[in-house]
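Raw final_20.json, JSON, C-alpha atoms:
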```
[["chain", "number", "residue", "atom", "x", "y", "z"],
["A", 1, "MET", "CA", -30.80, -3.53, -8.64],
["A", 2, "LYS", "CA", -27.09, -2.79, -8.30],
["A", 3, "GLU", "CA", -25.63, 0.05, -6.23],
["A", 4, "THR", "CA", -21.98, 1.13, -6.36],
["A", 5, "PHE", "CA", -20.12, 3.24, -3.80],
["A", 6, "TYR", "CA", -16.57, 4.59, -4.03],
["A", 7, "SER", "CA", -13.99, 5.98, -1.58],
["A", 8, "ASN", "CA", -10.48, 7.43, -2.05],
["A", 9, "GLY", "CA", -7.31, 5.96, -0.63],
["A", 10, "LYS", "CA", -5.00, 8.07, 1.56],
["A", 11, "LEU", "CA", -1.48, 9.11, 2.47],
["A", 12, "LEU", "CA", -0.64, 10.90, 5.73],
["A", 13, "ILE", "CA", 2.10, 13.47, 5.12],
["A", 14, "THR", "CA", 2.47, 15.07, 8.57],
["A", 15, "GLY", "CA", 1.16, 14.34, 12.05],
["A", 16, "GLU", "CA", 1.47, 10.57, 12.06],
["A", 17, "TYR", "CA", 0.66, 9.13, 15.51],
["A", 18, "LEU", "CA", 0.33, 12.63, 17.02],
["A", 19, "VAL", "CA", -2.96, 13.09, 15.16],
["A", 20, "LEU", "CA", -4.45, 10.65, 17.69],
["A", 21, "ASP", "CA", -3.75, 13.19, 20.44],
["A", 22, "GLY", "CA", -5.13, 16.28, 18.67],
["A", 23, "ALA", "CA", -2.22, 17.36, 16.45],
["A", 24, "LYS", "CA", -2.92, 18.85, 13.02],
["A", 25, "ALA", "CA", -2.25, 16.35, 10.25],
["A", 26, "PHE", "CA", -1.78, 17.07, 6.56],
["A", 27, "ALA", "CA", -3.18, 14.26, 4.40],
["A", 28, "LEU", "CA", -3.64, 13.62, 0.70],
["A", 29, "PRO", "CA", -6.35, 11.51, -0.97],
["A", 30, "THR", "CA", -5.00, 9.18, -3.65],
["A", 31, "LYS", "CA", -6.20, 8.66, -7.21],
["A", 32, "MET", "CA", -6.70, 4.99, -6.37],
["A", 33, "GLY", "CA", -9.50, 3.87, -4.04],
["A", 34, "GLN", "CA", -12.07, 1.10, -3.58],
["A", 35, "ASN", "CA", -15.53, 0.26, -4.95],
["A", 36, "LEU", "CA", -18.32, -1.44, -3.01],
["A", 37, "ILE", "CA", -21.02, -3.06, -5.16],
["A", 38, "ILE", "CA", -24.31, -4.14, -3.56],
["A", 39, "GLU", "CA", -26.80, -6.53, -5.18],
["A", 40, "GLU", "CA", -29.85, -8.31, -3.83],
["A", 41, "GLY", "CA", -29.34, -11.82, -2.48],
["A", 42, "SER", "CA", -31.26, -14.47, -0.56],
["A", 43, "ARG", "CA", -31.34, -16.87, 2.41],
["A", 44, "LYS", "CA", -30.54, -14.16, 4.97],
["A", 45, "LYS", "CA", -26.88, -14.33, 3.98],
["A", 46, "ILE", "CA", -24.25, -12.09, 2.43],
["A", 47, "ILE", "CA", -22.14, -13.66, -0.30],
["A", 48, "TRP", "CA", -18.96, -11.55, -0.19],
["A", 49, "LYS", "CA", -16.11, -11.33, -2.73],
["A", 50, "SER", "CA", -13.14, -8.96, -2.51],
["A", 51, "TYR", "CA", -10.95, -8.33, -5.56],
["A", 52, "ASP", "CA", -7.39, -7.03, -5.45],
["A", 53, "ALA", "CA", -6.15, -4.48, -8.02],
["A", 54, "ASP", "CA", -4.90, -7.24, -10.35],
["A", 55, "GLY", "CA", -8.36, -8.84, -10.52],
["A", 56, "SER", "CA", -7.53, -11.74, -8.21],
["A", 57, "ILE", "CA", -9.91, -12.62, -5.38],
["A", 58, "TRP", "CA", -8.20, -12.02, -2.01],
["A", 59, "PHE", "CA", -11.21, -12.80, 0.18],
["A", 60, "GLU", "CA", -14.37, -14.82, -0.43],
["A", 61, "ASP", "CA", -16.87, -16.06, 2.14],
["A", 62, "THR", "CA", -20.51, -16.15, 3.23],
["A", 63, "LEU", "CA", -21.69, -14.14, 6.23],
["A", 64, "SER", "CA", -24.93, -14.94, 8.02],
["A", 65, "PHE", "CA", -27.37, -12.24, 9.07],
["A", 66, "SER", "CA", -27.57, -13.90, 12.52],
["A", 67, "ASP", "CA", -23.80, -13.45, 13.10],
["A", 68, "ILE", "CA", -24.05, -9.79, 12.03],
["A", 69, "VAL", "CA", -26.95, -9.17, 14.42],
["A", 70, "THR", "CA", -25.32, -10.84, 17.44],
["A", 71, "GLY", "CA", -21.66, -10.13, 16.63],
["A", 72, "ILE", "CA", -19.17, -12.99, 16.93],
["A", 73, "ALA", "CA", -16.52, -13.18, 19.61],
["A", 74, "ALA", "CA", -13.28, -13.37, 17.64],
["A", 75, "GLU", "CA", -10.85, -15.84, 19.17],
["A", 76, "ASN", "CA", -8.63, -15.45, 16.12],
["A", 77, "GLU", "CA", -8.83, -12.21, 14.19],
["A", 78, "SER", "CA", -9.54, -13.04, 10.55],
["A", 79, "VAL", "CA", -10.91, -11.10, 7.61],
["A", 80, "LYS", "CA", -14.31, -12.72, 8.19],
["A", 81, "THR", "CA", -14.48, -11.85, 11.90],
["A", 82, "THR", "CA", -13.28, -8.28, 11.24],
["A", 83, "LEU", "CA", -15.86, -7.82, 8.48],
["A", 84, "THR", "CA", -18.61, -9.27, 10.69],
["A", 85, "THR", "CA", -17.62, -6.86, 13.49],
["A", 86, "ILE", "CA", -17.81, -3.84, 11.12],
["A", 87, "LEU", "CA", -21.24, -4.96, 9.86],
["A", 88, "HIS", "CA", -22.41, -5.66, 13.43],
["A", 89, "GLU", "CA", -21.48, -2.09, 14.44],
["A", 90, "ALA", "CA", -23.20, -0.81, 11.27],
["A", 91, "PHE", "CA", -26.32, -2.83, 12.21],
["A", 92, "LYS", "CA", -26.39, -1.11, 15.61],
["A", 93, "LEU", "CA", -26.37, 2.28, 13.83],
["A", 94, "ASN", "CA", -28.95, 1.32, 11.17],
["A", 95, "PRO", "CA", -30.57, -2.14, 11.52],
["A", 96, "ASP", "CA", -32.81, -1.73, 8.46],
["A", 97, "PHE", "CA", -30.31, -3.26, 6.04],
["A", 98, "ILE", "CA", -30.68, -6.58, 7.85],
["A", 99, "LEU", "CA", -34.28, -6.35, 9.05],
["A", 100, "ASN", "CA", -35.68, -5.37, 5.64],
["A", 101, "SER", "CA", -33.64, -7.64, 3.38],
["A", 102, "ASP", "CA", -33.49, -11.27, 2.22],
["A", 103, "GLY", "CA", -29.75, -11.16, 1.61],
["A", 104, "TYR", "CA", -26.99, -9.53, -0.41],
["A", 105, "ILE", "CA", -24.30, -10.24, -2.93],
["A", 106, "ILE", "CA", -21.48, -7.81, -2.12],
["A", 107, "THR", "CA", -18.32, -7.20, -4.14],
["A", 108, "THR", "CA", -15.37, -4.96, -3.34],
["A", 109, "GLU", "CA", -12.82, -3.87, -5.94],
["A", 110, "LEU", "CA", -9.50, -2.30, -4.97],
["A", 111, "GLY", "CA", -7.88, 0.22, -7.30],
["A", 112, "PHE", "CA", -4.49, -0.27, -5.61],
["A", 113, "PRO", "CA", -2.68, -3.45, -4.53],
["A", 114, "LYS", "CA", -3.96, -4.47, -1.09],
["A", 115, "SER", "CA", -0.41, -4.64, 0.28],
["A", 116, "TRP", "CA", 0.23, -0.94, -0.42],
["A", 117, "GLY", "CA", -1.51, 0.28, 2.74],
["A", 118, "LEU", "CA", -3.47, 3.05, 1.04],
["A", 119, "GLY", "CA", -6.62, 2.31, 3.04],
["A", 120, "THR", "CA", -8.23, -1.07, 2.33],
["A", 121, "SER", "CA", -10.10, -0.81, 5.65],
["A", 122, "SER", "CA", -10.90, 2.91, 5.67],
["A", 123, "THR", "CA", -12.30, 2.86, 2.12],
["A", 124, "LEU", "CA", -14.42, -0.17, 3.04],
["A", 125, "ILE", "CA", -15.77, 1.49, 6.21],
["A", 126, "ASN", "CA", -16.57, 4.70, 4.35],
["A", 127, "ASN", "CA", -18.28, 2.77, 1.55],
["A", 128, "ILE", "CA", -20.40, 0.79, 4.03],
["A", 129, "ALA", "CA", -21.32, 4.06, 5.77],
["A", 130, "GLN", "CA", -22.38, 5.60, 2.43],
["A", 131, "TRP", "CA", -24.47, 2.53, 1.59],
["A", 132, "LEU", "CA", -26.25, 2.47, 4.96],
["A", 133, "GLN", "CA", -26.38, 6.28, 5.38],
["A", 134, "ILE", "CA", -24.60, 6.23, 8.74],
["A", 135, "ASP", "CA", -21.69, 8.28, 10.06],
["A", 136, "ALA", "CA", -18.39, 6.79, 8.86],
["A", 137, "PHE", "CA", -16.37, 8.31, 11.73],
["A", 138, "THR", "CA", -18.70, 6.67, 14.28],
["A", 139, "LEU", "CA", -18.47, 3.34, 12.45],
["A", 140, "LEU", "CA", -14.66, 3.56, 12.44],
["A", 141, "LYS", "CA", -14.54, 4.45, 16.14],
["A", 142, "ASN", "CA", -16.86, 1.58, 17.09],
["A", 143, "SER", "CA", -15.07, -1.03, 14.96],
["A", 144, "PHE", "CA", -11.44, -0.36, 14.06],
["A", 145, "GLY", "CA", -10.50, 2.72, 16.04],
["A", 146, "GLY", "CA", -7.92, 5.24, 14.85],
["A", 147, "SER", "CA", -7.89, 8.98, 14.27],
["A", 148, "GLY", "CA", -10.23, 9.05, 11.26],
["A", 149, "TYR", "CA", -7.97, 11.07, 8.94],
["A", 150, "ASP", "CA", -8.25, 8.17, 6.47],
["A", 151, "ILE", "CA", -12.06, 8.47, 6.48],
["A", 152, "ALA", "CA", -11.69, 12.20, 5.79],
["A", 153, "CYS", "CA", -9.48, 11.39, 2.77],
["A", 154, "ALA", "CA", -12.01, 8.79, 1.61],
["A", 155, "GLN", "CA", -14.63, 11.55, 1.53],
["A", 156, "ASN", "CA", -12.60, 14.47, 0.11],
["A", 157, "ASP", "CA", -11.09, 15.04, -3.33],
["A", 158, "THR", "CA", -8.60, 17.70, -2.19],
["A", 159, "PRO", "CA", -5.69, 17.86, 0.25],
["A", 160, "ILE", "CA", -6.91, 18.23, 3.85],
["A", 161, "VAL", "CA", -5.73, 19.32, 7.28],
["A", 162, "TYR", "CA", -7.29, 17.00, 9.84],
["A", 163, "GLN", "CA", -7.55, 17.41, 13.59],
["A", 164, "LEU", "CA", -9.40, 15.80, 16.48],
["A", 165, "LYS", "CA", -10.90, 18.32, 18.90],
["A", 166, "ASN", "CA", -12.53, 16.77, 21.96],
["A", 167, "GLY", "CA", -12.67, 13.54, 19.96],
["A", 168, "LYS", "CA", -14.57, 15.16, 17.06],
["A", 169, "PRO", "CA", -13.06, 15.36, 13.56],
["A", 170, "ILE", "CA", -12.29, 18.83, 12.19],
["A", 171, "ILE", "CA", -11.57, 18.78, 8.45],
["A", 172, "GLU", "CA", -10.20, 21.75, 6.53],
["A", 173, "LYS", "CA", -9.74, 21.58, 2.77],
["A", 174, "ALA", "CA", -6.21, 22.70, 1.98],
["A", 175, "THR", "CA", -4.54, 24.11, -1.11],
["A", 176, "PHE", "CA", -1.34, 22.33, -2.02],
["A", 177, "ASN", "CA", -0.10, 22.44, -5.58],
["A", 178, "PRO", "CA", 3.42, 23.92, -5.59],
["A", 179, "GLU", "CA", 5.65, 23.59, -8.65],
["A", 180, "PHE", "CA", 8.01, 21.29, -6.77],
["A", 181, "THR", "CA", 5.47, 18.43, -6.72],
["A", 182, "GLN", "CA", 7.44, 17.30, -9.81],
["A", 183, "ASN", "CA", 10.29, 16.58, -7.36],
["A", 184, "LEU", "CA", 8.13, 14.45, -5.07],
["A", 185, "TYR", "CA", 7.96, 10.67, -5.38],
["A", 186, "PHE", "CA", 6.43, 7.82, -3.40],
["A", 187, "VAL", "CA", 8.44, 4.64, -2.91],
["A", 188, "TYR", "CA", 6.87, 1.42, -1.63],
["A", 189, "LEU", "CA", 9.01, -0.33, 0.98],
["A", 190, "ASN", "CA", 7.06, -3.61, 0.78],
["A", 191, "LYS", "CA", 6.91, -4.03, 4.56],
["A", 192, "LYS", "CA", 3.22, -3.85, 5.48],
["A", 193, "GLN", "CA", 2.81, -2.29, 8.90],
["A", 194, "SER", "CA", -0.03, -3.00, 11.30],
["A", 195, "SER", "CA", -1.63, 0.31, 12.30],
["A", 196, "LYS", "CA", -2.80, -1.20, 15.59],
["A", 197, "THR", "CA", 0.69, -2.44, 16.51],
["A", 198, "ALA", "CA", 2.30, 0.85, 15.51],
["A", 199, "ILE", "CA", -0.19, 2.88, 17.55],
["A", 200, "ALA", "CA", 0.42, 0.67, 20.60],
["A", 201, "ALA", "CA", 4.18, 1.30, 20.28],
["A", 202, "TYR", "CA", 3.57, 5.05, 19.96],
["A", 203, "ASN", "CA", 1.41, 5.08, 23.09],
["A", 204, "MET", "CA", 4.21, 3.33, 25.00],
["A", 205, "ASN", "CA", 6.83, 5.82, 23.78],
["A", 206, "LYS", "CA", 5.15, 9.21, 23.69],
["A", 207, "LYS", "CA", 6.81, 11.59, 26.07],
["A", 208, "ASN", "CA", 5.30, 13.57, 28.94],
["A", 209, "ASN", "CA", 5.62, 16.96, 27.20],
["A", 210, "LEU", "CA", 2.96, 16.02, 24.64],
["A", 211, "PRO", "CA", 1.38, 19.53, 24.39],
["A", 212, "ARG", "CA", 4.75, 21.01, 23.35],
["A", 213, "THR", "CA", 5.36, 18.14, 20.91],
["A", 214, "ILE", "CA", 1.94, 18.73, 19.32],
["A", 215, "ALA", "CA", 2.59, 22.50, 19.10],
["A", 216, "ILE", "CA", 5.88, 21.84, 17.26],
["A", 217, "ASN", "CA", 4.10, 19.40, 14.91],
["A", 218, "ASP", "CA", 1.43, 22.00, 14.11],
["A", 219, "VAL", "CA", 4.07, 24.61, 13.26],
["A", 220, "ILE", "CA", 5.84, 22.10, 10.97],
["A", 221, "THR", "CA", 2.52, 21.17, 9.30],
["A", 222, "SER", "CA", 1.92, 24.86, 8.59],
["A", 223, "GLU", "CA", 5.47, 25.20, 7.17],
["A", 224, "VAL", "CA", 4.86, 22.22, 4.89],
["A", 225, "LEU", "CA", 1.59, 23.66, 3.57],
["A", 226, "ASN", "CA", 3.06, 27.10, 3.01],
["A", 227, "ALA", "CA", 6.43, 26.04, 1.57],
["A", 228, "ALA", "CA", 7.17, 28.10, -1.53],
["A", 229, "THR", "CA", 10.39, 26.29, -2.49],
["A", 230, "ILE", "CA", 11.56, 22.71, -2.55],
["A", 231, "GLN", "CA", 14.28, 23.69, -0.04],
["A", 232, "SER", "CA", 11.81, 25.00, 2.56],
["A", 233, "PHE", "CA", 9.53, 21.99, 2.03],
["A", 234, "ALA", "CA", 12.45, 19.55, 2.42],
["A", 235, "SER", "CA", 13.66, 21.37, 5.53],
["A", 236, "ALA", "CA", 10.22, 21.11, 7.19],
["A", 237, "MET", "CA", 10.02, 17.40, 6.34],
["A", 238, "GLN", "CA", 13.46, 16.77, 7.83],
["A", 239, "LYS", "CA", 12.40, 18.52, 11.04],
["A", 240, "HIS", "CA", 9.29, 16.33, 11.17],
["A", 241, "GLU", "CA", 11.33, 13.14, 10.72],
["A", 242, "ALA", "CA", 13.76, 14.17, 13.46],
["A", 243, "GLN", "CA", 10.89, 14.94, 15.86],
["A", 244, "MET", "CA", 9.14, 11.61, 15.23],
["A", 245, "SER", "CA", 12.44, 9.73, 15.43],
["A", 246, "SER", "CA", 12.92, 11.17, 18.91],
["A", 247, "ILE", "CA", 9.37, 10.38, 20.06],
["A", 248, "LEU", "CA", 9.38, 6.82, 18.71],
["A", 249, "GLU", "CA", 12.99, 6.21, 19.75],
["A", 250, "THR", "CA", 13.52, 4.81, 16.26],
["A", 251, "PRO", "CA", 16.10, 5.79, 13.63],
["A", 252, "THR", "CA", 14.70, 7.57, 10.59],
["A", 253, "ILE", "CA", 14.12, 5.49, 7.48],
["A", 254, "LYS", "CA", 16.95, 7.33, 5.72],
["A", 255, "GLU", "CA", 19.40, 6.56, 8.54],
["A", 256, "SER", "CA", 18.46, 2.89, 8.62],
["A", 257, "LEU", "CA", 18.00, 2.07, 4.91],
["A", 258, "PHE", "CA", 19.21, 4.87, 2.64],
["A", 259, "PRO", "CA", 22.07, 6.79, 4.33],
["A", 260, "ASP", "CA", 23.80, 7.44, 1.00],
["A", 261, "PHE", "CA", 20.74, 8.94, -0.74],
["A", 262, "ASN", "CA", 21.13, 12.50, -2.00],
["A", 263, "GLY", "CA", 17.75, 13.92, -0.99],
["A", 264, "VAL", "CA", 15.16, 13.83, 1.77],
["A", 265, "ILE", "CA", 13.07, 10.79, 2.71],
["A", 266, "LYS", "CA", 9.95, 11.10, 4.87],
["A", 267, "SER", "CA", 8.16, 8.13, 6.46],
["A", 268, "LEU", "CA", 4.41, 8.13, 5.93],
["A", 269, "GLY", "CA", 1.80, 6.60, 8.22],
["A", 270, "ALA", "CA", 3.04, 3.70, 10.35],
["A", 271, "TRP", "CA", 6.83, 4.08, 10.43],
["A", 272, "GLY", "CA", 8.93, 1.49, 8.66],
["A", 273, "GLY", "CA", 6.44, 0.05, 6.19],
["A", 274, "ASP", "CA", 4.25, 0.91, 3.24],
["A", 275, "PHE", "CA", 5.27, 4.11, 1.41],
["A", 276, "VAL", "CA", 7.83, 6.84, 1.98],
["A", 277, "MET", "CA", 7.86, 10.26, 0.34],
["A", 278, "VAL", "CA", 11.08, 11.10, -1.47],
["A", 279, "ILE", "CA", 12.12, 14.70, -2.19],
["A", 280, "SER", "CA", 14.78, 14.79, -4.87],
["A", 281, "GLU", "CA", 16.14, 17.26, -7.44],
["A", 282, "ASP", "CA", 16.84, 14.33, -9.79],
["A", 283, "ASN", "CA", 14.63, 11.36, -10.63],
["A", 284, "PRO", "CA", 15.44, 8.86, -7.82],
["A", 285, "THR", "CA", 14.08, 5.80, -9.66],
["A", 286, "PRO", "CA", 17.50, 4.32, -10.64],
["A", 287, "TYR", "CA", 18.76, 4.65, -7.03],
["A", 288, "PHE", "CA", 15.79, 2.83, -5.49],
["A", 289, "LYS", "CA", 15.62, 0.15, -8.21],
["A", 290, "LEU", "CA", 19.28, -0.59, -7.60],
["A", 291, "LYS", "CA", 18.39, -1.11, -3.92],
["A", 292, "GLY", "CA", 15.61, -3.53, -4.89],
["A", 293, "TYR", "CA", 12.61, -1.21, -4.56],
["A", 294, "GLU", "CA", 10.56, -1.54, -7.73],
["A", 295, "THR", "CA", 7.46, 0.55, -6.97],
["A", 296, "ILE", "CA", 8.20, 4.27, -7.41],
["A", 297, "LEU", "CA", 5.33, 6.63, -8.25],
["A", 298, "ARG", "CA", 5.44, 10.29, -9.18],
["A", 299, "TYR", "CA", 3.28, 12.70, -7.17],
["A", 300, "ASP", "CA", 0.93, 13.22, -10.13],
["A", 301, "GLU", "CA", 0.48, 9.45, -10.54],
["A", 302, "MET", "CA", -0.47, 8.94, -6.90],
["A", 303, "ILE", "CA", -2.29, 12.02, -5.62],
["A", 304, "LEU", "CA", -5.77, 13.28, -6.43],
["A", 305, "PHE", "CA", -5.68, 16.99, -7.24]]
```
Represent the structure from my file as structure tokens, please.
Amino acid sequence: MKETFYSNGKLLITGEYLVLDGAKAFALPTKMGQNLIIEEGSRKKIIWKSYDADGSIWFEDTLSFSDIVTGIAAENESVKTTLTTILHEAFKLNPDFILNSDGYIITTELGFPKSWGLGTSSTLINNIAQWLQIDAFTLLKNSFGGSGYDIACAQNDTPIVYQLKNGKPIIEKATFNPEFTQNLYFVYLNKKQSSKTAIAAYNMNKKNNLPRTIAINDVITSEVLNAATIQSFASAMQKHEAQMSSILETPTIKESLFPDFNGVIKSLGAWGGDFVMVISEDNPTPYFKLKGYETILRYDEMILF
């Protein structure tokens, strides 16, 4: 018997980093996600294969039930040790999948290139949680850590506003389909960022007046959601960039890479890598291709709506 589970990828539009401290974050699920396919196996082992979007295998190994039950102390963090840790935490939440099985053949299939940073880990964690009927937010907290907005995107097919209140996720479905989405593009910078490293840097840099900073972020998030024109949307995004630039003590991506661009550029997620959102009256593809950036997607190509 074969079971298949699916989760959406994600892009965080506002509230990056600050979402960890209770700020409201606006996030969009992507059209591309990840499948998890479960088949029966044997010998108290899991034969695991992970396919990238182009059909190539990016990870392949065998995991023993005994390692999943005990958890392995990771001297060097590898895909195998990370995967074993996630499954170990899942076992603690629902041991039946190990206790009542002879083994598994498990396949994952990405709908986006792994390097894009659209949620290889979050889609996997949500898929495992669906399979084992456990809480995905708890599994994330016990394994990877993070705010959980990416899990919320994995589970929702509409734009969301996400917030942590007393450590608990609050998810509101949002309406966001203005006409100016035709002027929104996503450009891949091809510099994969580590979420863990970026969060550590944020924690070092966040200022003492965090409540005020969060209040400003929440106002900006509301402005973004309610923007009726491309001008008001662009203005809110610029304010957000300036605020985060100040907190992170880092120049904005436009200042550092694209100072001559005629439009607004907003960093998404971990600053400096993965995708940026581009707001432009004209198609910006020729500009970015000239600069060596080949992956430019329209809003309607990227976002689930």
request  = Go through A:Ile125, A:Ile68, A:Ala234, A:Ile247 and flag the residue nearest Lys45 (chain A), using all atoms listed in the file for the distances.
outcome  =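 The closest residue to Lys45 (chain A) is A:Ile68.
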request  = Select, from A:Asn209, A:Ser122, A:Thr14, A:Asn8, the residue with the minimum atom-to-atom distance to Leu225 (chain A), counting all atoms listed in the file.
outcome  =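 Among the listed residues, A:Thr14 lies closest to Leu225 (chain A).
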key: Counting all atoms listed in the file, the option among A:Ile220, A:Leu290, A:Met32, A:Ala90 closest to Ala129 (chain A)   =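 The answer is A:Ala90, which sits nearest to Ala129 (chain A).
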request  = Name the closest residue to Tyr299 (chain A) among the candidates A:Asn100, A:Asn183, A:Asn126, A:Thr84; distances are taken between atoms, counting all atoms listed in the file.
outcome  =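 Looking only at the distances to Tyr299 (chain A), the closest residue turns out to be A:Asn183.
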ask   = Which residues come within 7 Å of Lys31 (chain A), counting all atoms listed in the file, excluding same-chain residues fewer than 6 positions away, as a PyMOL selection string?
value = chain A and resi 8+302-304
With C-alpha atoms retained, could you export that selection as an mmCIF file, in the frame of the given file?
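Written file, selection.cif:
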```cif
data_model
loop_
_atom_site.group_PDB
_atom_site.id
_atom_site.type_symbol
_atom_site.label_atom_id
_atom_site.label_comp_id
_atom_site.auth_asym_id
_atom_site.auth_seq_id
_atom_site.Cartn_x
_atom_site.Cartn_y
_atom_site.Cartn_z
ATOM 1 C CA ASN A 8 -10.480 7.430 -2.050
ATOM 2 C CA MET A 302 -0.470 8.940 -6.900
ATOM 3 C CA ILE A 303 -2.290 12.020 -5.620
ATOM 4 C CA LEU A 304 -5.770 13.280 -6.430
#
```
request  = Identify, on the basis of all atoms listed in the file, every residue whose closest approach to Tyr162 (chain A) does not exceed 6 Å; exclude the query and any residue fewer than 4 positions from it along the same chain; express the result as a list in words.
outcome  =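 Counting all atoms listed in the file, the residues come to Lys24, Ala25, Ile170 and Ile171 of chain A.
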